[in-house]
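> The following block contains the structure, expressed as structure tokens.
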Amino acid sequence: MIELVALSDAMREAAAMAERVAVTDANVLITGESGAGKDALATFIHSRSRRADKALVKIDCATLPADLLEAELFGYERGAFTGATEAKPGRFEAAHRGTLVLDEIAHLPLDAQAKLLRVIEQREFERLGGRKTISVDARLIALTNADLKNAVERRAFRDDLFYRLNVVHIHVPPLRDRRSDLEPLARMFTSTYTAKHGTRAKKISAGALRYLKSYDFPGNVRELANIIERAAIVADGSTIEPADLPEGLRAAAERSASGARPTLAEVEADYIREVLAATKGNKTEAARILGISRKNLYERLAREKAEVSSQRSEVSNRGKKSDV
């Protein structure tokens, strides 16, 4: 059974609500920043439900093109579109009697929202290109880091679907607001990644923990997990030391300890570099972890490169002037 790290008051409140709703079949809307732990909470709810022995099916609405998203959700019949050489059931059918987690629900196109609303209300649908009505019993958990109320006001999200999904709302607080959870999370990730990679680092030093506690973690729990995984791999001994942590994190933590606060751009740039290092330069995976598009990632990298180039040019020009 899945357990949550919930020592902080904010996370204990979220966990308690999850416990209460888990035993029901109510739809749940989980909100929170990217990387805060929404997916872990959804898994926790499923593990505590009467559906725990059935499938837990997940789909990321942000990573699939609109035309493929409906096919993934509802399935399709042979010949439904070019390339559909055989029938394929969708995620709803796979989640029958289990739980379907809709990640980044705000990215669901309006046409798909209408079909999803019908499934919620009537518990039935047809595959793309099909005529047979399929009945389904799946508990829905929707995740988002977006403001759905604002999306409803902008008419980018259906208000009737919002109310259907928002039967129970649970907010997952960012890691910076649940500092007491940081140390047990760090120790848990150390154990997890040591076992995964077969590395020597079995624990984390007090010095390394001090750096972690002085850092704001803009990428939340996901960023902490990436940092610990990297540290467990690069550590020479049996303990993760400060030197095993990313240089950007140590610099940001030292700025924080000295009272010199970094700019938002500096924090973002540090985190992007850390994620790219953790993904070994895989920009598609890095963009997924960061919760942004590949295009957005490339734009940020290009902007940072231009800023660094400009700063170097200024330094060079000052040097030339001093030589005159």
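Identifiers in the structure tokens: chain A, B, ... in order shown; residue index from 1 per chain; ligand index from 1 in order shown.
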Apply DSSP to the backbone of this structure and, from region 56-228 of chain A, keep only the residues in strand (DSSP E or B); write these as a ChimeraX atom specification.
/A:56-60,76,88,99-103,124-126,128,133-135,139-144,168-171,203-204
> Output C-alpha atoms for every residue in the selection just made, as a tab-separated table (two decimals), in the first residue's frame.

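As written to disk, again37.tsv reads:
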chain	number	residue	atom	x	y	z
A	56	LEU	CA	-4.70	2.42	-12.20
A	57	VAL	CA	-4.49	4.02	-15.64
A	58	LYS	CA	-2.87	7.40	-16.33
A	59	ILE	CA	-2.85	9.71	-19.33
A	60	ASP	CA	-1.00	13.01	-19.72
A	76	TYR	CA	-10.83	3.50	-32.02
A	88	LYS	CA	-7.69	-0.55	-30.16
A	99	THR	CA	-9.14	4.45	-11.61
A	100	LEU	CA	-8.33	6.78	-14.49
A	101	VAL	CA	-5.95	9.66	-13.74
A	102	LEU	CA	-6.18	12.60	-16.15
A	103	ASP	CA	-2.95	14.55	-15.75
A	124	GLU	CA	-20.88	5.18	-21.70
A	125	PHE	CA	-19.16	6.17	-24.94
A	126	GLU	CA	-18.28	4.96	-28.43
A	128	LEU	CA	-13.69	6.67	-32.63
A	133	THR	CA	-21.93	1.90	-27.10
A	134	ILE	CA	-19.50	0.79	-24.41
A	135	SER	CA	-20.39	1.02	-20.73
A	139	ARG	CA	-13.23	6.50	-10.99
A	140	LEU	CA	-11.77	9.80	-12.25
A	141	ILE	CA	-8.95	11.78	-10.65
A	142	ALA	CA	-7.96	14.96	-12.50
A	143	LEU	CA	-4.64	16.73	-11.93
A	144	THR	CA	-3.66	20.26	-12.89
A	168	VAL	CA	-13.66	16.90	-3.95
A	169	HIS	CA	-10.75	19.30	-4.32
A	170	ILE	CA	-7.35	18.60	-2.74
A	171	HIS	CA	-4.47	21.05	-2.99
A	203	LYS	CA	22.60	7.85	3.60
A	204	ILE	CA	22.78	11.61	3.38
> Of the candidates A:Arg12, A:Lys115, A:Lys149, A:Lys283, which one gets nearest to Asp181 (chain A) if we count only C-alpha atoms?
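Of all the options, A:Arg12 lies closest to Asp181 (chain A).
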> Could you pull the residues within 8 Å of Ile233 (chain A), counting only C-alpha atoms, minus those fewer than 4 positions along the same chain, as a count of residues only?
5
> Excluding Leu209 (chain A) and its own-chain neighbours fewer than 6 positions away, which residues fall within 9 Å of it when counting only C-alpha atoms? Please give them as a ChimeraX atom specification.
/A:182-183,186,241-242
> Any idea what's packed within 12 Å of region 152-159 of chain A, counting only C-alpha atoms, ignoring anything in its chain fewer than 2 positions away? Could you give it as a list in words?
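So the residues in contact are Ile105, Ala106, His107, Leu108, Pro109, Leu110, Asp111, Ala112, Gln113, Ala114, Lys115, Leu116, Leu117, Ala146, Asp147, Leu148, Lys149, Asn150, Leu161, Phe162, Tyr163, Arg164, Leu165 and Asn166 of chain A.
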> May I have the residues within 12 Å of Arg50 (chain A) as a PyMOL selection string, using only C-alpha atoms and disregarding those fewer than 5 positions away in the same chain?
chain A and resi 21-26+45+55+97-99+138-139
> Take the residues that were just selected and, keeping N, CA and C atoms, output them as a PDB file, in the first residue's frame.

ATOM      1  N   VAL A  21     -11.695  10.596   1.121  1.00  0.00           N
ATOM      2  CA  VAL A  21     -12.352  10.459  -0.176  1.00  0.00           C
ATOM      3  C   VAL A  21     -12.015   9.134  -0.852  1.00  0.00           C
ATOM      4  N   ALA A  22     -10.918   8.517  -0.460  1.00  0.00           N
ATOM      5  CA  ALA A  22     -10.457   7.293  -1.128  1.00  0.00           C
ATOM      6  C   ALA A  22     -11.505   6.184  -1.086  1.00  0.00           C
ATOM      7  N   VAL A  23     -12.204   6.055   0.013  1.00  0.00           N
ATOM      8  CA  VAL A  23     -13.158   4.954   0.180  1.00  0.00           C
ATOM      9  C   VAL A  23     -14.462   5.195  -0.567  1.00  0.00           C
ATOM     10  N   THR A  24     -14.620   6.354  -1.178  1.00  0.00           N
ATOM     11  CA  THR A  24     -15.803   6.658  -1.975  1.00  0.00           C
ATOM     12  C   THR A  24     -15.465   6.499  -3.456  1.00  0.00           C
ATOM     13  N   ASP A  25     -16.457   6.732  -4.308  1.00  0.00           N
ATOM     14  CA  ASP A  25     -16.228   6.720  -5.754  1.00  0.00           C
ATOM     15  C   ASP A  25     -16.264   8.133  -6.330  1.00  0.00           C
ATOM     16  N   ALA A  26     -16.193   9.138  -5.459  1.00  0.00           N
ATOM     17  CA  ALA A  26     -16.285  10.529  -5.902  1.00  0.00           C
ATOM     18  C   ALA A  26     -15.106  10.902  -6.792  1.00  0.00           C
ATOM     19  N   ILE A  45      -4.608   7.665  -3.289  1.00  0.00           N
ATOM     20  CA  ILE A  45      -6.068   7.537  -3.229  1.00  0.00           C
ATOM     21  C   ILE A  45      -6.502   6.206  -3.819  1.00  0.00           C
ATOM     22  N   ALA A  55      -7.119  -1.823 -12.171  1.00  0.00           N
ATOM     23  CA  ALA A  55      -6.095  -1.034 -12.866  1.00  0.00           C
ATOM     24  C   ALA A  55      -6.098   0.434 -12.449  1.00  0.00           C
ATOM     25  N   ARG A  97     -13.626  -0.437 -13.888  1.00  0.00           N
ATOM     26  CA  ARG A  97     -13.672  -0.877 -12.483  1.00  0.00           C
ATOM     27  C   ARG A  97     -12.438  -0.428 -11.681  1.00  0.00           C
ATOM     28  N   GLY A  98     -11.574   0.335 -12.324  1.00  0.00           N
ATOM     29  CA  GLY A  98     -10.399   0.863 -11.642  1.00  0.00           C
ATOM     30  C   GLY A  98     -10.431   2.378 -11.578  1.00  0.00           C
ATOM     31  N   THR A  99      -9.273   3.001 -11.719  1.00  0.00           N
ATOM     32  CA  THR A  99      -9.142   4.453 -11.608  1.00  0.00           C
ATOM     33  C   THR A  99      -8.432   5.014 -12.828  1.00  0.00           C
ATOM     34  N   ALA A 138     -15.354   3.765 -14.221  1.00  0.00           N
ATOM     35  CA  ALA A 138     -13.996   4.173 -13.853  1.00  0.00           C
ATOM     36  C   ALA A 138     -14.071   5.396 -12.956  1.00  0.00           C
ATOM     37  N   ARG A 139     -13.309   5.351 -11.888  1.00  0.00           N
ATOM     38  CA  ARG A 139     -13.234   6.503 -10.988  1.00  0.00           C
ATOM     39  C   ARG A 139     -12.242   7.509 -11.589  1.00  0.00           C
TER      40      ARG A 139
END
> Ranking A:Lys54, A:Asp177, A:Ile227, A:Glu77 by minimum distance to Arg131 (chain A) and counting only C-alpha atoms, which one comes first?
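For Arg131 (chain A), the nearest of the candidates is A:Glu77.
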> Contacts between region 287-295 of chain A and region 2-48 of chain A, please, where a residue of region 2-48 of chain A counts if it comes within 10 Å (with only C-alpha atoms); show its shortest atom pair and distance in Å to one decimal, rows by chain and ascending number, as a tab-separated table.

residue	atom	partner	partner_atom	distance
A:Glu33	CA	A:Gly291	CA	9.4
A:Ser34	CA	A:Gly291	CA	6.2
A:Gly35	CA	A:Ile289	CA	7.5
> How would the residues just chosen look if you wrote them out with N, CA, C and O atoms as a PDB file, in the first residue's frame?

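Ended up saving to part_36.pdb:
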ATOM      1  N   GLU A  33       1.426  22.984  -7.774  1.00  0.00           N
ATOM      2  CA  GLU A  33       2.489  23.327  -8.709  1.00  0.00           C
ATOM      3  C   GLU A  33       3.073  22.080  -9.356  1.00  0.00           C
ATOM      4  O   GLU A  33       2.954  20.963  -8.836  1.00  0.00           O
ATOM      5  N   SER A  34       3.722  22.287 -10.483  1.00  0.00           N
ATOM      6  CA  SER A  34       4.381  21.183 -11.169  1.00  0.00           C
ATOM      7  C   SER A  34       5.428  20.550 -10.255  1.00  0.00           C
ATOM      8  O   SER A  34       6.236  21.246  -9.648  1.00  0.00           O
ATOM      9  N   GLY A  35       5.378  19.223 -10.141  1.00  0.00           N
ATOM     10  CA  GLY A  35       6.364  18.508  -9.339  1.00  0.00           C
ATOM     11  C   GLY A  35       6.058  18.437  -7.865  1.00  0.00           C
ATOM     12  O   GLY A  35       6.850  17.889  -7.086  1.00  0.00           O
TER      13      GLY A  35
END
> Which residues are near Gly281 (chain A)? Cut-off 12 Å, only C-alpha atoms, ignore same chain within fewer than 6 positions. Put them as a PyMOL selection string.
chain A and resi 272-275+287+297
> Hey, what does DSSP flag as alpha helix (DSSP H) within region 46-177 of chain A? Can you give it to me as number ranges by chain?
A: 46-47, 66-74, 91-94, 110-122, 148-153, 159-165
